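Here is the structure we will look at, set down as structure tokens.
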Amino acid sequence: CWVCLVWCGHSLNLVGKAAANSCPSAVKFFDFMQDLYKFFTASTERYQILIEKLSKKKSGQFYVLKKLSDTRWFCRAEATKAIVEGYSEIEEALTSISSDKEQKDIVRIEATHLLQKMSSLETTLFVTFWNDILERFNATNKMLQNPKMILESAMRALESLKLFVESKRNDFDKYEEAAKKISHTDQYVQSRTRARNVRLNPLDYGKAQDANLLPKEKYKVSAFIPVIDQLCVSLTERLYAYEAVRSRFGFLNRIEKMDVENLHAAAEALVKV
């Protein structure tokens with residue numbers, strides 16, 4: 001059932017993409033990551049400033065910024081890891097460029113803009129959260145690429161992934177505390193409500209009256225929970241589809257151990273599909 005497992009891997013990629021587009025905050029977050037990568041890689045000088053900052057890490061090991069890929073969505077795991085592991089150094093590089101009077105004004109303005117976004121509680125909260133999610137997605141995806149993986153094992157891996165994602169629903173406070181330590185702020189950015197982007201396909205959020213919610217709760221219900229819900233919904237849909245495949249073709253994995261009667265029954269059931 002190797003074809004089925006390739007399908008599983010591709011489908012898991014679609015699960016991630018759906019979650020990344022589940023709410024405006026998620027879209028803006030990944031747009032920021034892409035803008036950050038473009039800013040440093042568009043100039044050899046700026047990229048060198050970043051590398052010099054990263055190379056001074058006490059551990060001696062660092063991760064470079066990665067370009068986001070639409071076709072290889074799991075590359076985003078490396079992208080979020082690079083920001084989590086090199087947050088302070090990236091921040092220092094942006095600060096250095098924004099205050100360098102020898103830089104062009106447009107470059108300094110862009111660096112300042114990126115620095116403001118990166119230093120926000122929302123960005124740091126999402127980068128730590130997405131780093132956890134993407135690391136687990138990436139690990140599961142690698143398991144699905146194993147040519148020895150059977151469909152039943154693949155389904156168990158997806159079920160485990162779903163349980164992992166569901167467990168994160170109660171971890172908002174943990175991510176917020178981690179974000180406060182990284183960003184050195186405990187204030188959420190106050191912004192006006194904007195119209196829903198037509199390219200988004202979110203779950204049914206935004207209809208409830210949230211004007212009286214505290215910034216923390218507003219961010220939780222408008223950004224954090226929608227991503228988790230979309231991941232769970234998409235994973236559930238995939239599991240239902242894989243169960244249909246397993247019920248039809250799963251017997252092929254144990255065909256050598258089946259007696260003639262059960263083999264004929266399984267084959268007849270498949271023919272009737």
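Residue numbering restarts at 1 for every chain of the structure tokens, chains are lettered A, B, ... in their displayed order, and ligands are numbered from 1 as they appear.
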**Study point:** alpha helix (DSSP H) call set, DSSP backbone run, segment 57-138 of chain A, as a PyMOL selection string
**Key:** chain A and resi 76-85+87-98+105-118+121-138
**Study point:** 6 Å contact set for segment 112-124 of chain A, only C-alpha atoms, chain neighbours under 6 positions out, as a PyMOL selection string
**Key:** chain A and resi 98+179+183+188
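Residues in contact with Leu65 of chain A at up to 9 Å, not including ones fewer than 3 positions away on its chain and judged by only C-alpha atoms, are Met33, Leu36, Tyr37, Phe40, Thr41, Glu78, Ala79, Thr80, Lys81, Ala82 and Ile83 of chain A.
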Please produce a file of the residues just selected, as a compact mmCIF listing (two decimals), in the first residue's frame, where the atoms kept are C-alpha atoms.
```txt
# COMPACT_ATOMS: atom_id res chain seq x y z
CA MET A 33 8.25 34.82 8.24
CA LEU A 36 11.89 38.28 7.22
CA TYR A 37 13.61 35.74 4.97
CA PHE A 40 17.95 39.32 4.79
CA THR A 41 18.52 37.24 1.66
CA GLU A 78 12.94 24.43 9.73
CA ALA A 79 11.82 28.03 9.24
CA THR A 80 10.11 28.32 12.62
CA LYS A 81 13.00 26.53 14.34
CA ALA A 82 15.46 29.04 12.90
CA ILE A 83 13.50 31.92 14.44
```
Exercise for review: May I have the residues within 12 Å of Lys57 of chain A as number ranges by chain, using only C-alpha atoms and disregarding those fewer than 3 positions away in the same chain?
Suggested key: A: 50-54, 60-63, 85-90
Check your understanding: Which of these residues is nearest to Glu177 of chain A, using only C-alpha atoms: A:Leu144, A:Leu125, A:Met149, A:Leu231?
Key -> A:Leu125
Revision key, fill the gap. For Ala77 of chain A, the closest of A:Val15, A:Ile133, A:Val189, A:Ile225 counting only C-alpha atoms is A:Ile133
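Of the listed residues (A:Ser153, A:Ser43, A:Asn131, A:Ser99), A:Asn131 comes nearest to Phe30 of chain A; the distances count only C-alpha atoms.
Atom pair atom CA of Phe126 of chain A / atom CA of Phe29 of chain A has a distance of 7.4 Å (rounded to one decimal).
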Review point. Within 8 Å of segment 232-235 of chain A, counting only C-alpha atoms, which residues qualify if same-chain residues fewer than 3 places away don't, as a list in words?
Key: Leu12, Val15, Ala18, Leu158, Lys162, Val165, Glu166, Ile228, Asp229, Arg238 and Leu239 of chain A
Review point. Which neighbours of Phe224 of chain A fall inside 9 Å, counting only C-alpha atoms, when residues of the same chain fewer than 2 positions from it are skipped, and could you give them as a ChimeraX atom specification?
Key: /A:25-26,126,129,169,172,219-222,226-229
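With only C-alpha atoms as the atoms that count, the residue of A:Ser69, A:Asn13, A:Gln187, A:Asn138 with the shortest distance to Asp31 of chain A is A:Ser69.
Taking atom CA of Ala154 of chain A as the reference point, atom CA of Thr140 of chain A is found at 8.8 Å.
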Exercise for review: Quick one: pull the distance between atom CA of Arg72 of chain A and atom CA of Arg46 of chain A, Å, one decimal.
Suggested key: 26.5 Å
